[in-house]
>>> print(open('model29.txt').read())   # compact mmCIF, C-alpha atoms
# COMPACT_ATOMS: atom_id res chain seq x y z
CA MET A 282 32.71 35.52 13.70
CA LYS A 283 31.44 38.87 14.97
CA ASN A 284 29.02 40.80 12.82
CA ARG A 285 30.85 43.61 11.09
CA ALA A 286 29.22 46.98 10.69
CA GLN A 287 28.48 47.80 7.07
CA GLU A 288 28.74 51.20 5.50
CA LEU A 289 27.17 52.21 2.21
CA THR A 290 29.16 54.04 -0.44
CA PRO A 291 26.75 56.19 -2.45
CA ILE A 292 27.26 56.24 -6.20
CA PRO A 293 25.42 58.90 -8.24
CA THR A 294 22.84 57.23 -10.47
CA GLU A 295 20.75 58.53 -13.36
CA TRP A 296 18.23 56.86 -15.62
CA ILE A 297 19.12 57.22 -19.29
CA GLY A 298 16.86 56.91 -22.27
CA PRO A 299 14.57 55.45 -23.16
CA ILE A 300 16.55 53.25 -25.50
CA SER A 301 14.66 51.71 -28.38
CA ILE A 302 15.50 47.99 -28.50
CA THR A 303 14.43 45.29 -30.95
CA GLY A 304 15.53 41.71 -31.53
CA ASN A 305 15.00 38.11 -30.49
CA VAL A 306 14.60 38.93 -26.77
CA MET A 307 12.55 42.14 -26.59
CA ASN A 308 10.98 44.94 -28.63
CA GLU A 309 10.48 47.95 -26.34
CA HIS A 310 11.54 51.43 -25.34
CA VAL A 311 13.26 51.15 -21.93
CA SER A 312 15.19 53.60 -19.74
CA VAL A 313 18.24 52.19 -17.95
CA PRO A 314 20.07 53.12 -14.71
CA MET A 315 23.74 54.04 -14.75
CA ALA A 316 25.68 54.40 -11.49
CA THR A 317 28.94 56.29 -12.02
CA TYR A 318 31.15 59.11 -10.85
CA GLU A 319 31.97 59.94 -14.49
CA THR A 320 29.10 62.34 -15.02
CA PRO A 321 29.67 62.96 -18.78
CA LEU A 322 28.74 59.30 -19.30
CA TRP A 323 25.06 60.11 -18.71
CA PRO A 324 24.51 62.71 -21.46
CA SER A 325 26.84 60.85 -23.81
CA THR A 326 24.92 57.57 -23.46
CA GLY A 327 21.72 59.59 -23.58
CA ARG A 328 22.73 60.91 -26.99
CA GLY A 329 23.12 57.36 -28.23
CA ALA A 330 19.71 56.52 -26.76
CA ARG A 331 18.18 59.46 -28.60
CA VAL A 332 19.69 58.23 -31.86
CA SER A 333 18.26 54.77 -31.20
CA ARG A 334 14.74 56.19 -31.01
CA GLN A 335 15.20 57.98 -34.31
CA SER A 336 16.87 55.10 -36.14
CA GLY A 337 14.51 52.18 -35.67
CA GLY A 338 16.19 50.96 -32.51
CA VAL A 339 19.19 48.97 -31.37
CA ARG A 340 18.78 45.43 -32.66
CA CYS A 341 20.06 43.01 -30.01
CA THR A 342 20.56 39.35 -30.83
CA LEU A 343 21.31 36.92 -27.99
CA VAL A 344 23.58 34.30 -29.57
CA ASP A 345 24.48 32.10 -26.59
CA GLU A 346 24.46 31.88 -22.78
CA ARG A 347 26.42 29.76 -20.32
CA MET A 348 28.45 29.92 -17.14
CA THR A 349 31.67 27.97 -16.63
CA ARG A 350 34.04 26.59 -14.04
CA SER A 351 37.19 24.66 -14.84
CA VAL A 352 38.71 22.18 -12.42
CA VAL A 353 42.25 20.84 -12.65
CA VAL A 354 43.44 17.41 -11.54
CA ARG A 355 46.88 15.84 -11.53
CA ALA A 356 47.72 12.50 -13.19
CA LYS A 357 50.94 10.49 -13.21
CA ASN A 358 51.65 11.58 -16.79
CA GLY A 359 49.99 12.95 -19.91
CA GLU A 360 48.92 9.54 -21.16
CA GLU A 361 47.05 8.79 -17.94
CA ALA A 362 45.44 12.24 -18.04
CA PHE A 363 44.22 11.62 -21.59
CA LYS A 364 42.81 8.19 -20.74
CA ALA A 365 40.93 9.67 -17.80
CA TRP A 366 39.47 12.41 -19.98
CA GLN A 367 38.31 9.88 -22.59
CA SER A 368 36.42 8.02 -19.89
CA ILE A 369 34.99 11.11 -18.16
CA SER A 370 33.78 12.68 -21.41
CA ALA A 371 31.83 9.50 -22.22
CA ARG A 372 29.79 9.79 -19.00
CA GLU A 373 27.78 12.96 -19.64
CA ASP A 374 24.51 11.46 -18.40
CA GLU A 375 26.06 10.66 -15.02
CA ILE A 376 27.63 14.10 -14.87
CA GLN A 377 24.26 15.75 -15.53
CA GLU A 378 22.70 13.71 -12.73
CA ILE A 379 25.34 14.94 -10.30
CA ILE A 380 24.84 18.54 -11.41
CA SER A 381 21.09 18.17 -10.89
CA THR A 382 21.66 17.30 -7.23
CA THR A 383 23.36 20.67 -6.67
CA SER A 384 20.79 22.94 -8.36
CA ARG A 385 17.43 22.63 -10.09
CA PHE A 386 18.46 25.30 -12.59
CA ALA A 387 21.98 24.14 -13.59
CA LYS A 388 22.07 22.11 -16.80
CA LEU A 389 25.23 20.79 -18.45
CA LEU A 390 25.76 22.25 -21.92
CA ASP A 391 29.27 21.12 -22.76
CA MET A 392 32.68 20.12 -21.42
CA ASN A 393 36.08 21.09 -22.75
CA ARG A 394 39.53 19.88 -21.81
CA GLN A 395 43.15 20.92 -21.98
CA ILE A 396 46.04 18.64 -21.05
CA VAL A 397 49.33 20.23 -20.04
CA GLY A 398 51.93 17.65 -19.09
CA ASN A 399 50.31 15.55 -16.40
CA LEU A 400 47.61 18.16 -15.65
CA LEU A 401 44.05 17.70 -16.87
CA PHE A 402 41.89 20.83 -17.04
CA ILE A 403 38.15 20.23 -17.44
CA ARG A 404 35.89 23.19 -18.23
CA PHE A 405 32.25 22.58 -17.31
CA GLU A 406 29.73 24.81 -19.11
CA CYS A 407 26.18 25.09 -17.76
CA ALA A 408 22.91 26.94 -18.25
CA THR A 409 22.02 28.75 -15.01
CA GLY A 410 18.54 30.24 -15.44
CA ASP A 411 18.19 33.89 -14.38
CA ALA A 412 21.34 33.87 -12.24
CA SER A 413 24.77 34.82 -13.55
CA GLY A 414 25.68 31.44 -12.07
CA HIS A 415 29.12 31.85 -10.50
CA ASN A 416 28.27 30.00 -7.30
CA MET A 417 25.84 27.65 -8.99
CA VAL A 418 28.42 26.29 -11.41
CA THR A 419 31.20 26.29 -8.82
CA GLY A 420 28.96 24.19 -6.56
CA ALA A 421 28.32 21.78 -9.42
CA ALA A 422 32.02 21.63 -10.26
CA ASP A 423 32.87 20.95 -6.62
CA ALA A 424 30.49 17.97 -6.57
CA LEU A 425 31.84 16.73 -9.89
CA LEU A 426 35.41 17.04 -8.69
CA GLY A 427 34.65 14.84 -5.70
CA TRP A 428 33.03 12.29 -8.00
CA ILE A 429 36.00 12.31 -10.39
CA LEU A 430 38.49 11.75 -7.60
CA GLN A 431 36.40 8.88 -6.28
CA GLU A 432 35.86 7.24 -9.68
CA TYR A 433 39.43 7.80 -10.86
CA PRO A 434 41.79 7.19 -7.92
CA GLN A 435 44.76 7.61 -10.24
CA LEU A 436 43.97 11.34 -10.31
CA GLU A 437 44.83 13.84 -7.58
CA TYR A 438 43.21 17.12 -6.61
CA ALA A 439 44.96 20.26 -7.90
CA SER A 440 42.33 23.04 -7.77
CA ILE A 441 38.59 23.67 -7.91
CA SER A 442 39.38 26.56 -10.27
CA GLY A 443 42.06 26.00 -12.88
CA ASN A 444 41.88 29.47 -14.53
CA MET A 445 40.48 28.03 -17.76
CA CYS A 446 37.04 29.25 -16.64
CA THR A 447 38.13 32.17 -17.07
CA ASP A 448 36.78 34.36 -14.25
CA LYS A 449 37.60 38.07 -14.02
CA LYS A 450 40.74 37.84 -16.12
CA VAL A 451 41.54 38.70 -19.72
CA SER A 452 41.59 35.58 -21.90
CA ALA A 453 40.82 34.24 -25.35
CA VAL A 454 38.90 31.18 -24.19
CA ASN A 455 35.80 33.05 -23.03
CA GLY A 456 35.25 34.68 -26.40
CA ILE A 457 35.87 31.41 -28.24
CA LEU A 458 33.93 28.97 -26.04
CA GLY A 459 31.61 31.43 -24.30
CA ARG A 460 31.09 32.59 -20.73
CA GLY A 461 28.03 34.59 -19.79
CA LYS A 462 25.61 36.02 -22.35
CA TYR A 463 26.80 36.49 -25.95
CA VAL A 464 24.98 39.50 -27.44
CA VAL A 465 25.36 41.34 -30.74
CA ALA A 466 23.97 44.89 -30.59
CA GLU A 467 23.68 46.82 -33.86
CA MET A 468 22.11 49.94 -35.28
CA GLU A 469 21.83 51.57 -38.69
CA VAL A 470 21.93 55.38 -38.57
CA SER A 471 21.01 57.57 -41.53
CA ARG A 472 23.55 60.06 -42.87
CA GLU A 473 21.20 62.85 -41.85
CA LEU A 474 21.14 61.67 -38.24
CA CYS A 475 24.91 61.17 -38.23
CA ASP A 476 25.26 64.82 -39.15
CA LYS A 477 22.44 66.21 -36.98
CA GLN A 478 22.80 64.18 -33.78
CA LEU A 479 26.33 62.76 -33.85
CA ARG A 480 28.02 65.63 -35.74
CA THR A 481 30.02 63.23 -37.87
CA THR A 482 29.86 61.11 -41.03
CA PRO A 483 29.79 57.35 -41.63
CA GLU A 484 33.18 57.57 -43.34
CA LYS A 485 34.80 59.33 -40.38
CA MET A 486 33.35 56.76 -37.97
CA ALA A 487 34.49 53.80 -40.05
CA GLN A 488 38.00 55.25 -40.42
CA LEU A 489 38.26 56.03 -36.70
CA ASN A 490 37.17 52.52 -35.79
CA VAL A 491 39.90 51.02 -37.99
CA GLU A 492 42.66 53.38 -36.90
CA LYS A 493 41.79 53.58 -33.19
CA ASN A 494 40.00 50.39 -32.18
CA LEU A 495 41.44 47.86 -34.61
CA ILE A 496 44.96 49.09 -35.40
CA GLY A 497 45.49 50.92 -32.10
CA GLY A 498 44.21 47.94 -30.17
CA THR A 499 46.50 45.59 -32.11
CA VAL A 500 49.52 47.80 -31.46
CA ALA A 501 48.62 47.85 -27.76
CA GLY A 502 48.35 44.07 -27.69
CA SER A 503 44.61 43.95 -26.93
CA LEU A 504 43.18 40.44 -26.74
CA ARG A 505 39.88 39.83 -28.58
CA SER A 506 39.06 43.45 -27.90
CA ALA A 507 38.54 46.41 -30.22
CA ASN A 508 36.42 49.08 -28.58
CA ALA A 509 36.71 52.55 -27.10
CA HIS A 510 35.16 52.21 -23.64
CA PHE A 511 32.78 49.28 -23.17
CA ALA A 512 33.97 49.09 -19.55
CA ASN A 513 32.50 52.51 -18.68
CA MET A 514 28.92 51.59 -19.56
CA LEU A 515 29.31 48.06 -18.21
CA LEU A 516 30.47 49.22 -14.79
CA ALA A 517 27.72 51.83 -14.50
CA PHE A 518 25.07 49.29 -15.50
CA TYR A 519 26.53 46.50 -13.35
CA LEU A 520 26.63 48.64 -10.21
CA ALA A 521 23.08 49.88 -10.69
CA THR A 522 21.71 46.36 -11.17
CA GLY A 523 23.67 44.49 -8.48
CA GLN A 524 26.14 42.61 -10.65
CA ASP A 525 29.65 41.47 -9.73
CA ALA A 526 31.51 44.53 -10.96
CA ALA A 527 34.81 42.67 -11.43
CA ASN A 528 33.21 40.85 -14.37
CA ILE A 529 33.66 43.96 -16.49
CA ILE A 530 37.19 42.62 -17.08
CA GLU A 531 35.99 39.88 -19.42
CA GLY A 532 32.78 41.74 -20.29
CA SER A 533 34.71 44.62 -21.84
CA GLN A 534 36.41 42.25 -24.27
CA GLY A 535 34.30 43.04 -27.31
CA ILE A 536 34.50 44.32 -30.86
CA VAL A 537 33.08 47.37 -32.61
CA HIS A 538 32.38 47.03 -36.33
CA VAL A 539 31.45 50.04 -38.47
CA GLU A 540 30.49 50.25 -42.15
CA ALA A 541 29.87 53.36 -44.24
CA ARG A 542 26.90 52.50 -46.46
CA PRO A 543 25.43 54.57 -49.33
CA GLU A 544 22.65 56.11 -47.23
CA SER A 545 23.66 55.23 -43.68
CA MET A 546 26.19 54.02 -41.14
CA TYR A 547 26.09 50.46 -39.78
CA PHE A 548 27.38 50.32 -36.20
CA SER A 549 27.66 47.21 -34.04
CA CYS A 550 29.04 46.11 -30.69
CA THR A 551 29.69 42.40 -30.22
CA MET A 552 29.89 41.35 -26.57
CA PRO A 553 30.46 37.60 -26.01
CA ASN A 554 31.05 37.74 -22.25
CA LEU A 555 28.23 39.66 -20.54
CA ILE A 556 27.95 38.11 -17.09
CA VAL A 557 24.68 39.34 -15.61
CA GLY A 558 21.81 37.92 -13.57
CA SER A 559 18.48 39.15 -12.26
CA VAL A 560 18.72 36.95 -9.14
CA GLY A 561 21.53 35.88 -6.85
CA SER A 562 24.30 37.59 -4.92
CA GLY A 563 24.09 41.39 -4.90
CA LYS A 564 20.36 41.52 -5.59
CA GLY A 565 19.17 41.88 -1.98
CA ASN A 566 19.81 45.61 -1.94
CA GLU A 567 16.52 47.52 -1.92
CA VAL A 568 17.62 50.03 -4.57
CA VAL A 569 18.94 47.28 -6.82
CA GLU A 570 15.66 45.37 -6.52
CA GLN A 571 13.71 48.49 -7.41
CA ASN A 572 15.95 49.10 -10.43
CA LEU A 573 15.49 45.52 -11.65
CA MET A 574 11.73 45.77 -11.22
CA ARG A 575 11.63 49.04 -13.18
CA LEU A 576 13.67 47.37 -15.94
CA GLY A 577 11.10 44.58 -16.12
CA CYS A 578 13.63 41.97 -15.02
CA LYS A 579 11.70 40.62 -12.02
CA GLU A 580 8.62 39.43 -13.91
CA GLU A 581 7.03 35.97 -13.83
CA ARG A 582 8.59 34.46 -16.93
CA GLU A 583 10.13 31.18 -18.02
CA PRO A 584 13.47 30.45 -16.28
CA GLY A 585 16.25 32.49 -17.85
CA ALA A 586 14.04 35.06 -19.58
CA ASN A 587 14.69 37.84 -17.05
CA GLY A 588 18.44 37.23 -17.25
CA ARG A 589 18.36 37.39 -21.03
CA ARG A 590 16.38 40.62 -20.93
CA LEU A 591 18.93 42.13 -18.56
CA ALA A 592 21.81 41.15 -20.86
CA VAL A 593 20.13 42.76 -23.86
CA LEU A 594 19.46 45.96 -21.92
CA CYS A 595 23.12 45.99 -20.92
CA ALA A 596 24.33 45.49 -24.49
CA ALA A 597 22.09 48.26 -25.82
CA THR A 598 23.41 50.62 -23.14
CA VAL A 599 26.98 49.82 -24.15
CA LEU A 600 26.25 50.56 -27.80
CA CYS A 601 24.62 53.91 -26.98
CA GLY A 602 27.66 55.05 -25.00
CA GLU A 603 30.14 53.66 -27.51
CA ILE A 604 28.63 55.27 -30.61
CA SER A 605 28.45 58.65 -28.86
CA LEU A 606 32.06 58.64 -27.66
CA LEU A 607 33.45 57.54 -31.02
CA ALA A 608 31.43 60.25 -32.75
CA ALA A 609 32.92 62.84 -30.38
CA GLN A 610 36.42 61.59 -31.12
CA THR A 611 36.01 62.22 -34.85
CA ASN A 612 35.99 65.95 -34.00
CA PRO A 613 39.23 67.49 -32.64
CA GLY A 614 38.81 68.87 -29.11
CA GLU A 615 35.17 67.84 -28.60
CA LEU A 616 35.86 65.11 -26.05
CA MET A 617 37.97 67.25 -23.75
CA ARG A 618 35.75 70.32 -24.00
CA THR A 619 32.79 68.23 -22.90
CA HIS A 620 34.64 66.70 -19.95
CA PHE A 621 35.96 70.06 -18.74
CA LYS A 622 32.51 71.62 -19.04
CA MET A 623 30.66 68.86 -17.18
CA GLU A 624 33.23 67.78 -14.61
CA ARG A 625 34.95 71.06 -13.78
CA GLY A 626 32.18 73.57 -14.39
>>> encode(input="model29.txt", output="structure tokens")
Amino acid sequence: MKNRAQELTPIPTEWIGPISITGNVMNEHVSVPMATYETPLWPSTGRGARVSRQSGGVRCTLVDERMTRSVVVRAKNGEEAFKAWQSISAREDEIQEIISTTSRFAKLLDMNRQIVGNLLFIRFECATGDASGHNMVTGAADALLGWILQEYPQLEYASISGNMCTDKKVSAVNGILGRGKYVVAEMEVSRELCDKQLRTTPEKMAQLNVEKNLIGGTVAGSLRSANAHFANMLLAFYLATGQDAANIIEGSQGIVHVEARPESMYFSCTMPNLIVGSVGSGKGNEVVEQNLMRLGCKEEREPGANGRRLAVLCAATVLCGEISLLAAQTNPGELMRTHFKMERG
């Protein structure tokens, strides 16, 4: 194949923050890069970052992390598919040995199955260190599929990817079983700051979240998703840090929860499908490498620590942009005035 000339598409990038972040992964003030053509996203997310510094920080809790690939094989009938699964699921030690031959970082965490007629879907879930792990787990699944077909000649190949993974598509399974980093980002903002910085009240924010995100999302048929614009911050962060941008599809499936408390507003963003990595495909770009170094995600740490840090930074960025936009939407006309002013001069 002939080498194809590559062209670079420049995307305007600004560093926002610093964001104050606390939790079980990090406790720091960190500025973050956002690459986007939607210029109002910078000052809006910056407003959320400012609130974080005045409110004790965005608390980020990493709940889980894994990458998945589901294979599908064909049996004679459902009974044969079930018998094969019973045998395969009892051989986890052998499966881990096979995975270990494909990568020194991939570790089997769990397996799940679905049987549809004579089709057996097997979802392999692995830890992948600092990488997001797409190729790592696909490579492991490919080796496992060859082993399955050899050990169980009654089964036939159907696909290396059976869509139960689920990669870059809207689904329920990722939120339920996990795919990527599962992070809960939350912040408590005083009533004074709600008024001074966000120009709103806890009651207005809680009501808007119910009427817009929860009820509006239900009417629209949203699937495990109740948020205003997670995808905006995710895409800007993903592009600036060399992630696979198409993963914002499952990454933007998340839920905002707001409570009006006596002296404050509780605001949280739950993101169960953040697919990010500090190493791997997309990280060879010089600007991306510089951004990751500035974020502190290229340090000498235990395997997986840089990836977890990156996921927490991403989640905190999403919260800062989300709280700012929702606050603007509690005030008639504010959102559009801001966009016209910043994008059309």
>>> atom_distance(input="model29.txt", atom1="atom CA of Ala597 of chain A", atom2="atom CA of Ser559 of chain A")
16.7 Å
>>> closest_atom_pairs(input="model29.txt", of="segment 332-362 of chain A", to="segment 470-477 of chain A", cutoff="10 Å", atoms="all atoms listed in the file", output="CSV")
residue,atom,partner,partner_atom,distance
A:Val332,CA,A:Leu474,CA,7.4
A:Ser333,CA,A:Val470,CA,8.3
A:Gln335,CA,A:Leu474,CA,8.0
A:Ser336,CA,A:Val470,CA,5.6
A:Gly337,CA,A:Val470,CA,8.6
A:Gly338,CA,A:Val470,CA,9.4
>>> closest_residue(input="model29.txt", among="A:Ile297, A:Gln431, A:Gly523, A:Asp411", to="Ser325 of chain A", atoms="all atoms listed in the file")
A:Ile297
>>> residues_around(input="model29.txt", residues="Phe402 of chain A", least_positions_apart="6", cutoff="10 Å", atoms="all atoms listed in the file", output="list of chain:residue names")
A:Ser351, A:Val352, A:Val353, A:Val354, A:Arg355, A:Ala362, A:Trp366, A:Asn393, A:Arg394, A:Gln395, A:Ile396, A:Ala439, A:Ser440, A:Ser442, A:Gly443, A:Asn444, A:Met445, A:Cys446
>>> residues_around(input="model29.txt", residues="Trp428 of chain A", least_positions_apart="5", cutoff="12 Å", atoms="all atoms listed in the file", output="short mmCIF file (atom, residue, chain, number, x, y, z; two decimals) with C-alpha atoms, in the frame of the given file")
data_model
loop_
_atom_site.label_atom_id
_atom_site.label_comp_id
_atom_site.auth_asym_id
_atom_site.auth_seq_id
_atom_site.Cartn_x
_atom_site.Cartn_y
_atom_site.Cartn_z
CA ILE A 369 34.99 11.11 -18.16
CA ARG A 372 29.79 9.79 -19.00
CA GLU A 375 26.06 10.66 -15.02
CA ILE A 376 27.63 14.10 -14.87
CA GLU A 378 22.70 13.71 -12.73
CA ILE A 379 25.34 14.94 -10.30
CA ILE A 380 24.84 18.54 -11.41
CA ALA A 421 28.32 21.78 -9.42
CA ALA A 422 32.02 21.63 -10.26
CA ASP A 423 32.87 20.95 -6.62
CA TYR A 433 39.43 7.80 -10.86
CA PRO A 434 41.79 7.19 -7.92
CA LEU A 436 43.97 11.34 -10.31
CA GLU A 437 44.83 13.84 -7.58
CA TYR A 438 43.21 17.12 -6.61
#
>>> residues_around(input="model29.txt", residues="Pro553 of chain A", least_positions_apart="5", cutoff="6 Å", atoms="only C-alpha atoms", output="PyMOL selection string")
chain A and resi 456+463-464
>>> closest_residue(input="model29.txt", among="A:Gln524, A:Lys493, A:Ile300, A:Met348", to="Gly565 of chain A", atoms="all atoms listed in the file")
A:Gln524
>>> atom_distance(input="model29.txt", atom1="atom CA of Glu346 of chain A", atom2="atom CA of Gly535 of chain A")
15.6 Å
>>> residues_around(input="model29.txt", residues="Tyr519 of chain A", least_positions_apart="5", cutoff="9 Å", atoms="all atoms listed in the file", output="NGL selection string")
:A and (315-316 or 514 or 524-526 or 528-529 or 557 or 595)
